[in-house]
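Peer 1: Questions regarding the structure given below will be posed in turn.
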Amino acid sequence: MYDLSEIREKFYFLEKYMGKSVFPAFEHSLLYENKLLEGYLAEKFDFPMAPTFISHDLKDALDHIDALHYPLVSKMNPTSGSIGVELVRT
């Protein structure tokens, strides 16, 4: 994951300050392995997706527990591939 951060930083610098074209563009590189941003965009543009709850706050997450339907899939961020993904049965 740290390599990905380094690549994004270089893409940003190359595009913004050196006027270079990079592929993928910095803006598009933000989506790679970023389920949070993908979730925000899917919600904003009404893309079909599994019901998703995103939280950055422990109290907010705990308050939402009663509204969840089990089983559910939990994914930590930042992670890559299946690392940090768990099936929560109850």
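Each chain of the structure tokens is named A, B, ... in the order shown, its residues numbered from 1; ligands are numbered from 1 in display order.
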If you run DSSP over the backbone, which residues in segment 19-58 of chain A end up helix (DSSP H, G or I)? Put them as a ChimeraX atom specification.
Peer 2: /A:26-29,35-44,58
Peer 1: Please list as number ranges by chain every residue within 10 Å of Val22 of chain A, counting only C-alpha atoms and excluding residues in the same chain fewer than 4 positions away.
Peer 2: A: 10-12, 14-15, 26, 29
Peer 1: List the spatial neighbours of Met49 of chain A as a PyMOL selection string - criterion: any atom at most 10 Å away, only C-alpha atoms, same-chain residues fewer than 4 positions off excluded.
Peer 2: chain A and resi 39+42-43
Peer 1: Any idea what the distance is between atom CA of Asp63 of chain A and atom CA of Leu31 of chain A?
Peer 2: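 It comes out at 28.3 Å.
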Peer 1: Looking at A:Met18, A:Leu87, A:Asn34, A:Phe23, which one is nearest to Ser5 of chain A, with distances taken over only C-alpha atoms?
Peer 2: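 Going through A:Met18, A:Leu87, A:Asn34, A:Phe23 one by one, the smallest distance to Ser5 of chain A is for A:Asn34.
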Peer 1: Extract, using only C-alpha atoms, all DNA, RNA and protein residues at most 12 Å from Tyr40 of chain A, discarding same-chain residues fewer than 6 positions from it, and format them as a count of residues only.
Peer 2: 10
